[in-house]
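Quick look at model.cif (mmCIF, C-alpha atoms and all ligand atoms):
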data_model
loop_
_atom_site.label_atom_id
_atom_site.label_comp_id
_atom_site.auth_asym_id
_atom_site.auth_seq_id
_atom_site.Cartn_x
_atom_site.Cartn_y
_atom_site.Cartn_z
CA MET R 291 120.62 89.46 92.03
CA ALA R 292 117.08 90.59 91.40
CA LYS R 293 114.85 91.67 94.28
CA ILE R 294 111.44 90.02 94.59
CA LEU R 295 108.52 91.24 96.70
CA VAL R 296 106.50 88.30 97.98
CA THR R 297 103.15 89.32 99.45
CA GLY R 298 101.69 86.62 101.67
CA GLY R 299 105.21 85.24 101.98
CA THR R 300 104.73 83.77 105.45
CA GLY R 301 101.69 81.82 104.21
CA TYR R 302 101.60 78.21 103.03
CA ILE R 303 102.54 78.53 99.36
CA GLY R 304 104.37 81.83 99.86
CA SER R 305 106.83 80.45 102.42
CA HIS R 306 107.75 77.50 100.19
CA THR R 307 108.24 79.90 97.29
CA VAL R 308 110.49 82.19 99.34
CA VAL R 309 112.72 79.18 100.04
CA GLU R 310 112.99 78.32 96.34
CA LEU R 311 113.65 81.97 95.41
CA GLN R 312 116.42 82.25 97.98
CA LYS R 313 117.92 78.95 96.87
CA VAL R 314 118.60 80.36 93.40
CA GLY R 315 119.92 83.62 94.84
CA PHE R 316 116.98 86.03 94.67
CA ASP R 317 116.79 88.74 97.29
CA VAL R 318 113.36 88.46 98.93
CA VAL R 319 111.18 91.00 100.73
CA ILE R 320 108.07 89.56 102.39
CA VAL R 321 104.99 91.65 103.08
CA ASP R 322 102.39 89.86 105.21
CA ASN R 323 99.89 91.11 107.78
CA LEU R 324 99.99 87.70 109.55
CA SER R 325 96.20 87.42 109.29
CA ASN R 326 96.62 83.75 108.37
CA SER R 327 100.22 82.92 109.22
CA SER R 328 102.80 83.16 111.97
CA ILE R 329 105.99 85.19 112.26
CA ASP R 330 107.71 81.92 113.29
CA VAL R 331 107.62 80.89 109.65
CA LEU R 332 110.62 83.19 109.14
CA ASN R 333 112.64 80.93 111.47
CA GLY R 334 111.68 77.92 109.35
CA ILE R 335 112.75 79.66 106.16
CA GLU R 336 116.04 80.71 107.75
CA LYS R 337 116.72 77.17 108.97
CA ILE R 338 116.33 75.81 105.45
CA THR R 339 118.19 78.46 103.46
CA GLY R 340 120.44 80.11 106.02
CA ILE R 341 118.97 83.48 105.04
CA ARG R 342 116.33 85.42 106.96
CA PRO R 343 114.23 87.28 104.41
CA ALA R 344 113.36 90.93 104.94
CA PHE R 345 109.88 91.09 106.47
CA GLU R 346 107.30 93.88 106.76
CA ASN R 347 104.08 93.42 108.71
CA ILE R 348 101.85 95.43 106.38
CA ASP R 349 98.31 95.01 105.12
CA CYS R 350 98.36 95.18 101.30
CA VAL R 351 95.03 97.00 101.51
CA ASP R 352 96.89 99.93 103.13
CA TYR R 353 98.06 101.92 100.09
CA VAL R 354 100.17 104.45 102.02
CA SER R 355 102.13 101.79 103.92
CA MET R 356 102.67 99.82 100.74
CA ASP R 357 103.93 102.96 98.99
CA ARG R 358 106.42 103.52 101.85
CA MET R 359 107.52 99.91 101.67
CA PHE R 360 108.37 100.28 97.96
CA GLU R 361 110.37 103.42 98.86
CA LYS R 362 112.25 101.56 101.58
CA TYR R 363 113.15 98.59 99.38
CA LYS R 364 113.98 100.50 96.23
CA GLY R 365 114.54 98.54 93.05
CA ILE R 366 112.07 95.69 93.39
CA ASP R 367 112.16 93.78 90.10
CA ALA R 368 109.10 91.59 90.42
CA ILE R 369 106.13 90.95 92.68
CA ILE R 370 104.67 87.56 93.50
CA HIS R 371 101.24 88.28 94.94
CA PHE R 372 99.99 85.52 97.23
CA ALA R 373 98.33 87.68 99.87
CA ALA R 374 94.60 86.97 99.89
CA SER R 375 91.87 85.48 102.03
CA LYS R 376 91.12 81.97 100.79
CA ALA R 377 88.41 80.23 102.82
CA VAL R 378 85.56 79.49 100.43
CA GLY R 379 82.88 79.06 103.12
CA GLU R 380 83.88 82.23 104.97
CA SER R 381 83.69 84.16 101.70
CA VAL R 382 80.02 83.19 101.36
CA GLU R 383 79.33 84.58 104.85
CA LYS R 384 81.55 87.67 104.57
CA PRO R 385 81.69 88.54 100.88
CA LEU R 386 82.81 92.13 101.39
CA LEU R 387 85.77 91.06 103.48
CA TYR R 388 86.87 88.95 100.52
CA TYR R 389 86.17 91.54 97.85
CA ARG R 390 87.97 94.23 99.86
CA ASN R 391 90.97 92.18 100.90
CA ASN R 392 91.59 90.37 97.65
CA LEU R 393 90.68 93.10 95.17
CA VAL R 394 91.93 96.24 96.96
CA SER R 395 95.28 94.54 97.67
CA LEU R 396 95.63 93.72 94.00
CA ILE R 397 94.59 97.18 92.80
CA ASN R 398 97.05 98.84 95.21
CA LEU R 399 99.93 96.76 93.88
CA LEU R 400 99.04 97.37 90.25
CA GLN R 401 98.78 101.12 90.95
CA LEU R 402 102.10 101.19 92.77
CA MET R 403 103.98 99.26 90.09
CA PRO R 404 104.43 102.15 87.61
CA ILE R 405 105.17 104.60 90.44
CA HIS R 406 108.02 102.41 91.67
CA LYS R 407 108.98 101.09 88.23
CA VAL R 408 108.19 97.46 88.99
CA LYS R 409 107.49 95.72 85.70
CA ASN R 410 106.75 92.11 86.51
CA PHE R 411 103.81 90.60 88.37
CA VAL R 412 102.96 87.00 89.23
CA PHE R 413 99.44 86.29 90.44
CA SER R 414 98.07 83.33 92.43
CA SER R 415 94.94 82.23 90.69
CA SER R 416 93.08 78.98 91.02
CA CYS R 417 91.53 76.13 89.08
CA THR R 418 88.32 77.28 90.72
CA VAL R 419 87.92 79.65 87.72
CA TYR R 420 87.03 76.62 85.53
CA GLY R 421 84.16 75.44 87.75
CA GLN R 422 83.20 71.96 86.50
CA PRO R 423 84.99 71.84 83.14
CA ASP R 424 83.14 70.27 80.18
CA VAL R 425 86.36 68.65 78.96
CA LEU R 426 89.03 66.95 81.10
CA PRO R 427 91.90 67.39 81.53
CA VAL R 428 91.27 71.12 81.56
CA THR R 429 93.45 73.45 79.47
CA GLU R 430 94.02 77.19 79.95
CA SER R 431 91.66 77.97 77.08
CA ALA R 432 88.68 76.25 78.73
CA PRO R 433 85.77 78.60 79.39
CA ILE R 434 85.63 80.41 82.71
CA LYS R 435 82.46 79.27 84.52
CA PRO R 436 80.33 81.45 86.83
CA ALA R 437 82.04 81.51 90.21
CA LEU R 438 80.51 79.35 92.94
CA SER R 439 81.66 81.62 95.79
CA PRO R 440 82.76 85.21 96.41
CA TYR R 441 86.29 83.83 96.89
CA GLY R 442 86.22 82.22 93.45
CA ASN R 443 84.78 85.40 92.02
CA THR R 444 87.69 87.44 93.42
CA LYS R 445 90.07 85.22 91.42
CA GLN R 446 88.07 85.70 88.21
CA ILE R 447 87.77 89.46 88.71
CA SER R 448 91.46 89.70 89.66
CA GLU R 449 92.47 88.00 86.43
CA GLU R 450 90.35 90.49 84.48
CA ILE R 451 91.79 93.45 86.40
CA ILE R 452 95.30 92.24 85.59
CA ARG R 453 94.53 91.73 81.89
CA ASP R 454 92.90 95.16 81.54
CA THR R 455 95.69 96.92 83.43
CA ILE R 456 98.51 95.31 81.45
CA HIS R 457 96.62 95.89 78.20
CA ALA R 458 96.57 99.60 79.03
CA ASN R 459 100.27 99.58 80.09
CA PRO R 460 102.05 97.10 77.82
CA CYS R 461 105.49 97.82 79.31
CA TYR R 462 104.34 95.70 82.27
CA GLN R 463 103.93 91.97 82.18
CA SER R 464 102.15 89.41 84.28
CA THR R 465 102.05 85.67 84.75
CA ILE R 466 98.80 84.24 86.03
CA LEU R 467 99.28 80.87 87.68
CA ARG R 468 96.19 78.72 88.18
CA TYR R 469 96.93 76.30 91.00
CA PHE R 470 95.12 73.02 91.34
CA ASN R 471 95.14 71.50 94.86
CA PRO R 472 98.47 72.17 96.65
CA ILE R 473 99.33 69.65 99.39
CA GLY R 474 102.31 68.49 101.44
CA ALA R 475 105.14 70.29 103.17
CA HIS R 476 108.82 71.04 102.73
CA PRO R 477 110.85 67.81 103.09
CA SER R 478 112.80 69.41 105.97
CA ALA R 479 109.49 69.80 107.88
CA GLU R 480 110.65 73.31 108.82
CA ILE R 481 107.65 74.85 107.01
CA GLY R 482 104.25 73.53 105.98
CA GLU R 483 100.55 74.31 106.07
CA LEU R 484 99.23 75.98 109.24
CA PRO R 485 95.45 75.92 109.01
CA SER R 486 93.65 78.02 111.59
CA GLY R 487 90.68 76.41 113.32
CA VAL R 488 88.92 73.42 111.80
CA PRO R 489 90.47 72.81 108.36
CA ASN R 490 88.22 73.11 105.32
CA ASN R 491 90.68 71.47 102.97
CA LEU R 492 91.08 67.72 102.71
CA LEU R 493 94.75 67.20 103.55
CA PRO R 494 95.01 69.14 106.81
CA PHE R 495 91.81 67.40 107.93
CA VAL R 496 93.34 64.02 107.09
CA THR R 497 96.60 64.74 108.95
CA GLN R 498 94.76 66.16 111.98
CA THR R 499 92.54 63.06 112.06
CA ALA R 500 95.59 60.81 111.88
CA ARG R 501 97.06 62.78 114.80
CA GLY R 502 93.87 62.33 116.82
CA LEU R 503 92.93 66.01 116.87
CA ARG R 504 89.74 65.17 114.89
CA LYS R 505 87.58 62.12 115.64
CA GLN R 506 86.91 61.23 112.03
CA LEU R 507 87.10 62.55 108.52
CA LEU R 508 83.82 63.22 106.80
CA ILE R 509 83.92 62.31 103.13
CA PHE R 510 81.56 64.56 101.25
CA GLY R 511 79.71 62.16 98.95
CA ASP R 512 80.42 58.79 97.34
CA ASP R 513 77.76 58.95 94.65
CA TYR R 514 79.56 61.14 92.11
CA ASN R 515 80.12 60.02 88.55
CA THR R 516 83.74 59.01 89.27
CA PRO R 517 85.40 55.56 89.45
CA ASP R 518 84.82 55.16 93.21
CA GLY R 519 82.06 57.74 93.65
CA SER R 520 84.17 60.30 95.57
CA CYS R 521 85.34 63.60 94.04
CA VAL R 522 88.48 63.77 91.97
CA ARG R 523 91.14 66.51 92.16
CA ASP R 524 94.64 67.22 90.91
CA TYR R 525 96.77 67.28 94.09
CA ILE R 526 100.10 69.02 93.53
CA ASN R 527 103.13 69.05 95.82
CA VAL R 528 103.66 72.50 97.30
CA VAL R 529 107.42 72.52 96.59
CA ASP R 530 106.80 71.64 92.94
CA LEU R 531 104.29 74.48 92.88
CA ALA R 532 106.77 76.88 94.50
CA LYS R 533 109.43 76.08 91.89
CA ALA R 534 107.08 77.12 89.09
CA HIS R 535 107.03 80.64 90.57
CA VAL R 536 110.80 80.92 90.33
CA ILE R 537 110.66 79.91 86.68
CA ALA R 538 107.81 82.32 85.98
CA VAL R 539 109.81 85.21 87.47
CA GLN R 540 112.97 84.26 85.58
CA ARG R 541 111.01 84.03 82.33
CA MET R 542 109.73 87.58 82.72
CA LEU R 543 113.05 89.01 83.91
CA ASN R 544 114.86 87.36 81.00
CA LYS R 545 112.26 88.70 78.53
CA ARG R 546 111.26 85.25 77.44
CA ALA R 547 107.51 85.68 77.94
CA LYS R 548 105.55 85.37 74.71
CA ALA R 549 102.74 87.72 75.72
CA HIS R 550 102.25 90.58 78.17
CA VAL R 551 99.95 88.33 80.17
CA GLU R 552 100.56 84.59 80.23
CA THR R 553 98.38 82.07 82.02
CA PHE R 554 99.49 78.61 83.13
CA ASN R 555 97.83 75.65 84.79
CA LEU R 556 99.94 74.29 87.63
CA GLY R 557 98.90 70.72 88.24
CA THR R 558 100.21 67.19 87.80
CA GLY R 559 97.80 66.11 85.07
CA ARG R 560 96.56 63.27 87.26
CA GLY R 561 93.22 63.13 89.05
CA LEU R 562 92.95 61.32 92.38
CA SER R 563 89.79 60.63 94.35
CA VAL R 564 89.26 61.45 98.00
CA LEU R 565 89.25 57.72 98.78
CA GLU R 566 92.49 57.17 96.86
CA ILE R 567 94.14 59.96 98.85
CA ILE R 568 93.03 58.40 102.14
CA LYS R 569 94.09 54.86 101.16
CA THR R 570 97.49 56.09 99.95
CA PHE R 571 98.01 58.23 103.06
CA GLU R 572 97.23 55.21 105.28
CA LYS R 573 99.54 52.94 103.31
CA VAL R 574 102.62 55.15 103.08
CA ASN R 575 102.40 56.41 106.65
CA GLY R 576 101.19 53.24 108.37
CA VAL R 577 98.33 55.03 110.13
CA SER R 578 94.59 54.61 109.85
CA ILE R 579 92.11 57.39 109.14
CA PRO R 580 88.67 56.81 110.61
CA TYR R 581 86.16 58.17 108.15
CA LYS R 582 82.45 58.33 107.40
CA ILE R 583 80.68 59.00 104.13
CA VAL R 584 78.23 61.88 104.45
CA ASP R 585 76.19 64.01 102.05
CA ARG R 586 77.79 65.99 99.27
CA ARG R 587 79.24 69.39 100.22
CA GLU R 588 77.41 72.25 98.58
CA GLY R 589 79.30 73.80 95.69
CA ASP R 590 81.79 70.94 95.28
CA ILE R 591 83.06 70.20 91.80
CA GLU R 592 82.71 66.53 90.83
CA LYS R 593 86.06 66.12 89.09
CA VAL R 594 88.81 68.35 87.83
CA TRP R 595 92.42 67.82 86.85
CA ALA R 596 94.86 69.85 84.83
CA ASP R 597 96.29 69.57 81.41
CA PRO R 598 99.70 70.99 82.46
CA SER R 599 101.32 70.58 79.02
CA TYR R 600 101.45 74.30 78.32
CA ALA R 601 103.42 74.90 81.57
CA ASN R 602 105.50 71.76 80.89
CA ASN R 603 106.47 72.93 77.40
CA GLU R 604 106.69 76.69 77.84
CA LEU R 605 108.06 76.99 81.37
CA GLY R 606 110.04 73.77 81.18
CA TRP R 607 108.39 72.92 84.50
CA THR R 608 106.86 69.62 85.53
CA ALA R 609 105.54 68.44 88.87
CA THR R 610 107.94 65.65 89.80
CA GLU R 611 107.18 64.69 93.41
CA THR R 612 105.15 61.49 93.83
CA VAL R 613 101.89 61.62 95.72
CA GLU R 614 103.34 59.02 98.11
CA ASP R 615 106.28 61.27 99.08
CA THR R 616 103.97 64.26 99.25
CA LEU R 617 101.61 62.49 101.65
CA ARG R 618 104.61 61.39 103.73
CA SER R 619 105.78 65.00 103.97
CA ALA R 620 102.32 66.11 105.11
CA TRP R 621 102.38 63.55 107.92
CA VAL R 622 105.94 64.37 109.04
CA TRP R 623 104.92 68.06 109.21
CA GLU R 624 101.77 67.28 111.23
CA GLN R 625 103.79 65.23 113.71
CA LYS R 626 106.22 68.11 114.06
CA LEU R 627 103.31 70.42 114.89
CA ALA R 628 102.09 67.89 117.46
CA ASN R 629 105.53 67.80 119.10
CA ARG R 630 105.66 71.59 119.21
CA VAL R 631 102.35 71.65 121.10
CA LYS R 632 103.63 69.02 123.56
CA ALA R 633 106.80 71.03 124.15
CA GLU R 634 104.83 74.20 124.98
P1 LIG G 701 97.73 81.37 103.14
O1 LIG G 701 96.53 81.89 103.84
O2 LIG G 701 98.54 80.33 103.81
O3 LIG G 701 98.69 82.56 102.70
C1 LIG G 701 98.22 83.82 102.41
C2 LIG G 701 99.04 84.81 103.21
O4 LIG G 701 98.61 86.13 102.90
C3 LIG G 701 98.87 84.63 104.73
O5 LIG G 701 100.16 84.59 105.31
C4 LIG G 701 98.12 85.89 105.17
O6 LIG G 701 98.49 86.30 106.45
C5 LIG G 701 98.50 86.88 104.10
N1 LIG G 701 97.53 87.94 103.83
C6 LIG G 701 96.20 87.81 103.59
N2 LIG G 701 95.66 89.02 103.36
C7 LIG G 701 96.68 89.93 103.43
C8 LIG G 701 96.75 91.33 103.28
N3 LIG G 701 95.68 92.07 103.02
N4 LIG G 701 97.95 91.93 103.44
C9 LIG G 701 99.07 91.21 103.73
N5 LIG G 701 99.04 89.89 103.88
C10 LIG G 701 97.87 89.25 103.74
O7 LIG G 701 97.21 80.83 101.71
P2 LIG G 701 97.96 79.98 100.61
O8 LIG G 701 97.33 78.64 100.57
O9 LIG G 701 99.41 80.08 100.77
O10 LIG G 701 97.48 80.75 99.31
C11 LIG G 701 98.28 81.73 98.68
C12 LIG G 701 97.55 82.25 97.47
O11 LIG G 701 97.26 81.17 96.58
C13 LIG G 701 96.21 82.92 97.76
O12 LIG G 701 96.06 84.00 96.88
C14 LIG G 701 95.21 81.84 97.44
O13 LIG G 701 93.96 82.37 97.09
C15 LIG G 701 95.87 81.16 96.28
N6 LIG G 701 95.46 79.76 96.07
C16 LIG G 701 95.57 78.87 97.10
C17 LIG G 701 95.16 77.56 96.90
C18 LIG G 701 95.22 76.57 98.02
O14 LIG G 701 94.53 75.54 97.94
N7 LIG G 701 96.01 76.78 99.07
C19 LIG G 701 94.68 77.16 95.65
C20 LIG G 701 94.60 78.09 94.63
C21 LIG G 701 95.00 79.39 94.85
C1 LIG G 702 89.12 68.41 98.14
C2 LIG G 702 88.18 67.23 98.09
C3 LIG G 702 86.01 67.62 99.05
C4 LIG G 702 87.39 68.07 103.15
C5 LIG G 702 89.25 74.36 97.50
C6 LIG G 702 88.81 75.68 96.93
C7 LIG G 702 89.58 76.00 95.69
C8 LIG G 702 91.07 75.92 95.94
C9 LIG G 702 91.47 74.67 96.63
C10 LIG G 702 91.93 78.10 96.39
C11 LIG G 702 86.75 67.62 97.72
C12 LIG G 702 86.76 66.56 99.82
C13 LIG G 702 87.35 67.88 101.80
C14 LIG G 702 86.77 67.11 104.01
C15 LIG G 702 86.17 65.82 102.09
N1 LIG G 702 91.53 76.96 96.79
N2 LIG G 702 86.75 66.77 101.28
N3 LIG G 702 86.18 66.03 103.43
O1 LIG G 702 87.23 71.85 97.23
O2 LIG G 702 89.00 71.12 95.59
O3 LIG G 702 89.08 73.36 96.51
O4 LIG G 702 90.64 74.47 97.79
O5 LIG G 702 91.81 78.61 95.33
O6 LIG G 702 89.18 77.26 95.28
O7 LIG G 702 87.43 75.57 96.61
O8 LIG G 702 89.62 71.46 97.98
O9 LIG G 702 90.64 70.40 99.95
O10 LIG G 702 88.41 71.55 100.22
O11 LIG G 702 88.54 69.42 98.95
O12 LIG G 702 85.61 64.81 101.61
O13 LIG G 702 86.75 67.26 105.23
O14 LIG G 702 88.09 66.65 99.40
O15 LIG G 702 84.66 67.26 98.91
O16 LIG G 702 86.25 66.61 96.92
P1 LIG G 702 88.63 71.91 96.80
P2 LIG G 702 89.33 70.77 99.36
#
Go ahead and render the structure in this file as structure tokens.
Ligand code: NAD
Ligand code: WQD
Amino acid sequence: MAKILVTGGTGYIGSHTVVELQKVGFDVVIVDNLSNSSIDVLNGIEKITGIRPAFENIDCVDYVSMDRMFEKYKGIDAIIHFAASKAVGESVEKPLLYYRNNLVSLINLLQLMPIHKVKNFVFSSSCTVYGQPDVLPVTESAPIKPALSPYGNTKQISEEIIRDTIHANPCYQSTILRYFNPIGAHPSAEIGELPSGVPNNLLPFVTQTARGLRKQLLIFGDDYNTPDGSCVRDYINVVDLAKAHVIAVQRMLNKRAKAHVETFNLGTGRGLSVLEIIKTFEKVNGVSIPYKIVDRREGDIEKVWADPSYANNELGWTATETVEDTLRSAWVWEQKLANRVKAE
């Protein structure tokens, strides 16, 4: 079976993708420098699939170590590149950290691909490239808007670097996946999101508030031009998202891609407001989330949700998990984390 390098494979989306890759028989090598994840994630993956993936603690910015890694695991067929720094606020404060980590990692991999004869590359991009779209739902052909943060800019620049590189070397191919808002955890609760410090994203803040780790959730604005005034996003189950990566890899390996670079939106096609997420979370989990409406957060997009029909039709992939089940999985995972802390 084909061998897949997963950078950032102990991270949130990476770990769920490793599970789905192993489930269909792919041989996985993880490279992660554990800057935003824990080595314990490997135990979770092994518990679910019965297979412990090969793991290398390497920084993708380190070209020489990456080169050696490709030598060690000869015959890698495809790369799924998750490894990146992703905190929007931190990227505003430390732009060079973001440009170096996200861009140098990418450039190293693209340079090493021809040397080690790796032909297929999947990249984690983001709906952040659309900014506030003029038309909703947003399709892949919508204009790219000026980035609102250095993090967002790294995704835009990365997409351009990939397009230019593949254009110059058409025997390589790439799939660019633009994620909307991934939430939830594996139904086994063996893996999930592990935010470090105070979470910036909505869902980990909600689950930590439900657990009592945070006093209350601050809702950033209720005066937007949306049905209830709070922002609207396309929240996608992380396992659904992971499965799309498996299909993207298979499509390239089986020579079914229709272009050297293909770009897909990965979302559900449904927009939900912050207040809807909170109400649904409370209802399905039987817990209450104390919250307070505060001012808008700088740089927030008012509303965005995907038109996923291109991915639905071309990849034969559709997000199938309900938001109710997804919010249940997030709460089960948070409770598991709470129990781990108690046991320590
Ligand atoms: P994550 O932080 O959980 O996972 C990223 C992993 O990469 C971590 O395990 C981290 O230790 C590792 N890493 C970072 N820099 C590295 C480096 N230089 N060398 C080796 N390993 C490194 O994040 P995630 O949510 O799983 O995101 C995965 C990818 O998806 C990222 O590229 C992110 O920008 C992108 N993305 C995430 C979201 C989201 O909301 N989570 C949305 C859109 C796109
Ligand atoms: C969702 C909604 C907030 C926290 C970010 C990145 C984006 C992508 C996904 C990687 C918004 C509201 C949040 C809180 C709140 N990541 N909120 N109180 O902003 O859509 O996107 O993560 O590519 O690039 O920008 O996600 O989870 O931060 O926020 O009211 O404590 O929840 O205002 O409307 P966002 P988020």
What are the centre and edge lengths in Å, to one decimal, of the axis-aligned box around all listed atoms of ligand LIG 701 (chain G) with 5 Å added on each side, as JSON?
{"center_x": 97.1, "center_y": 83.8, "center_z": 100.5, "size_x": 16.2, "size_y": 26.5, "size_z": 21.8}
Listing only residues of chain R within 9 Å of ligand LIG 702 (chain G), what is the closest atom pair and its distance in Å (to one decimal) for each, using all atoms listed in the file, sorted by chain and residue number ascending, as a Markdown table?
| residue | atom | partner | partner_atom | distance |
| --- | --- | --- | --- | --- |
| R:Lys376 | CA | G:LIG702 | C10 | 5.9 |
| R:Ala377 | CA | G:LIG702 | C6 | 7.5 |
| R:Val378 | CA | G:LIG702 | O7 | 5.8 |
| R:Gly379 | CA | G:LIG702 | O7 | 8.7 |
| R:Ser414 | CA | G:LIG702 | O5 | 8.4 |
| R:Ser415 | CA | G:LIG702 | O5 | 6.7 |
| R:Ser416 | CA | G:LIG702 | O5 | 4.5 |
| R:Cys417 | CA | G:LIG702 | O6 | 6.7 |
| R:Thr418 | CA | G:LIG702 | O6 | 4.6 |
| R:Val419 | CA | G:LIG702 | O6 | 8.0 |
| R:Leu438 | CA | G:LIG702 | O7 | 8.7 |
| R:Ser439 | CA | G:LIG702 | O7 | 8.4 |
| R:Tyr441 | CA | G:LIG702 | O6 | 7.4 |
| R:Gly442 | CA | G:LIG702 | O6 | 6.1 |
| R:Lys445 | CA | G:LIG702 | O5 | 7.9 |
| R:Arg468 | CA | G:LIG702 | O5 | 8.4 |
| R:Tyr469 | CA | G:LIG702 | O5 | 7.1 |
| R:Phe470 | CA | G:LIG702 | C9 | 6.6 |
| R:Asn471 | CA | G:LIG702 | C9 | 5.2 |
| R:Pro472 | CA | G:LIG702 | C9 | 7.4 |
| R:Ile473 | CA | G:LIG702 | O9 | 8.7 |
| R:Pro489 | CA | G:LIG702 | O13 | 7.4 |
| R:Asn490 | CA | G:LIG702 | O10 | 5.3 |
| R:Asn491 | CA | G:LIG702 | O9 | 3.2 |
| R:Leu492 | CA | G:LIG702 | C4 | 3.7 |
| R:Leu493 | CA | G:LIG702 | O9 | 6.3 |
| R:Pro494 | CA | G:LIG702 | O9 | 8.2 |
| R:Phe495 | CA | G:LIG702 | O13 | 5.7 |
| R:Val496 | CA | G:LIG702 | O13 | 7.6 |
| R:Leu507 | CA | G:LIG702 | O13 | 5.8 |
| R:Leu508 | CA | G:LIG702 | N3 | 5.0 |
| R:Ile509 | CA | G:LIG702 | O12 | 3.4 |
| R:Phe510 | CA | G:LIG702 | O12 | 4.1 |
| R:Gly511 | CA | G:LIG702 | O12 | 7.0 |
| R:Ser520 | CA | G:LIG702 | O16 | 6.8 |
| R:Cys521 | CA | G:LIG702 | O16 | 4.3 |
| R:Val522 | CA | G:LIG702 | O16 | 6.1 |
| R:Arg523 | CA | G:LIG702 | O2 | 6.1 |
| R:Asp524 | CA | G:LIG702 | O2 | 8.3 |
| R:Tyr525 | CA | G:LIG702 | C1 | 8.7 |
| R:Ser563 | CA | G:LIG702 | O16 | 7.4 |
| R:Val564 | CA | G:LIG702 | O14 | 5.5 |
| R:Leu565 | CA | G:LIG702 | O12 | 8.5 |
| R:Ile583 | CA | G:LIG702 | O12 | 8.0 |
| R:Val584 | CA | G:LIG702 | O12 | 8.4 |
| R:Arg586 | CA | G:LIG702 | O15 | 7.0 |
| R:Arg587 | CA | G:LIG702 | O15 | 6.0 |
| R:Glu588 | CA | G:LIG702 | O15 | 8.8 |
| R:Gly589 | CA | G:LIG702 | O1 | 8.3 |
| R:Asp590 | CA | G:LIG702 | O1 | 5.9 |
| R:Ile591 | CA | G:LIG702 | O16 | 7.0 |
| R:Glu592 | CA | G:LIG702 | O16 | 7.0 |
| R:Lys593 | CA | G:LIG702 | O16 | 7.8 |
| R:Val594 | CA | G:LIG702 | O2 | 8.2 |
Atoms to include: C-alpha atoms. Write the selected residues as a compact mmCIF listing (two decimals), in the frame of the given file.
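As a result, selection.txt now contains:
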# COMPACT_ATOMS: atom_id res chain seq x y z
CA LYS R 376 91.12 81.97 100.79
CA ALA R 377 88.41 80.23 102.82
CA VAL R 378 85.56 79.49 100.43
CA GLY R 379 82.88 79.06 103.12
CA SER R 414 98.07 83.33 92.43
CA SER R 415 94.94 82.23 90.69
CA SER R 416 93.08 78.98 91.02
CA CYS R 417 91.53 76.13 89.08
CA THR R 418 88.32 77.28 90.72
CA VAL R 419 87.92 79.65 87.72
CA LEU R 438 80.51 79.35 92.94
CA SER R 439 81.66 81.62 95.79
CA TYR R 441 86.29 83.83 96.89
CA GLY R 442 86.22 82.22 93.45
CA LYS R 445 90.07 85.22 91.42
CA ARG R 468 96.19 78.72 88.18
CA TYR R 469 96.93 76.30 91.00
CA PHE R 470 95.12 73.02 91.34
CA ASN R 471 95.14 71.50 94.86
CA PRO R 472 98.47 72.17 96.65
CA ILE R 473 99.33 69.65 99.39
CA PRO R 489 90.47 72.81 108.36
CA ASN R 490 88.22 73.11 105.32
CA ASN R 491 90.68 71.47 102.97
CA LEU R 492 91.08 67.72 102.71
CA LEU R 493 94.75 67.20 103.55
CA PRO R 494 95.01 69.14 106.81
CA PHE R 495 91.81 67.40 107.93
CA VAL R 496 93.34 64.02 107.09
CA LEU R 507 87.10 62.55 108.52
CA LEU R 508 83.82 63.22 106.80
CA ILE R 509 83.92 62.31 103.13
CA PHE R 510 81.56 64.56 101.25
CA GLY R 511 79.71 62.16 98.95
CA SER R 520 84.17 60.30 95.57
CA CYS R 521 85.34 63.60 94.04
CA VAL R 522 88.48 63.77 91.97
CA ARG R 523 91.14 66.51 92.16
CA ASP R 524 94.64 67.22 90.91
CA TYR R 525 96.77 67.28 94.09
CA SER R 563 89.79 60.63 94.35
CA VAL R 564 89.26 61.45 98.00
CA LEU R 565 89.25 57.72 98.78
CA ILE R 583 80.68 59.00 104.13
CA VAL R 584 78.23 61.88 104.45
CA ARG R 586 77.79 65.99 99.27
CA ARG R 587 79.24 69.39 100.22
CA GLU R 588 77.41 72.25 98.58
CA GLY R 589 79.30 73.80 95.69
CA ASP R 590 81.79 70.94 95.28
CA ILE R 591 83.06 70.20 91.80
CA GLU R 592 82.71 66.53 90.83
CA LYS R 593 86.06 66.12 89.09
CA VAL R 594 88.81 68.35 87.83
Shell of 8 Å around ligand LIG 701 (chain G) (all atoms listed in the file), written as a PyMOL selection string | chain R and resi 297-305+321-328+347-352+371-376+391-392+395+413-418+441+445+468-473+483-485+491
At a cut-off of 6 Å, can you tabulate as a tab-separated table every residue of stretch 439-492 of chain R near stretch 403-412 of chain R together with its closest atom pair and the distance in Å to one decimal, using all atoms listed in the file and ordering rows by chain then number?
residue	atom	partner	partner_atom	distance
R:Tyr462	CA	R:Lys409	CA	4.7
R:Gln463	CA	R:Asn410	CA	5.2
R:Ser464	CA	R:Phe411	CA	4.6
R:Thr465	CA	R:Val412	CA	4.8
R:Ile466	CA	R:Val412	CA	5.9
Between atom CA of R:Ile370 and atom CA of R:Val539, what is the distance, to one decimal in Å?
->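 If I compute the distance from atom CA of R:Ile370 to atom CA of R:Val539, I get 8.3 Å.
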What separation in Å, quoted to one decimal, exists between atom CA of R:Pro433 and atom CA of R:Lys548?
-> 21.4 Å
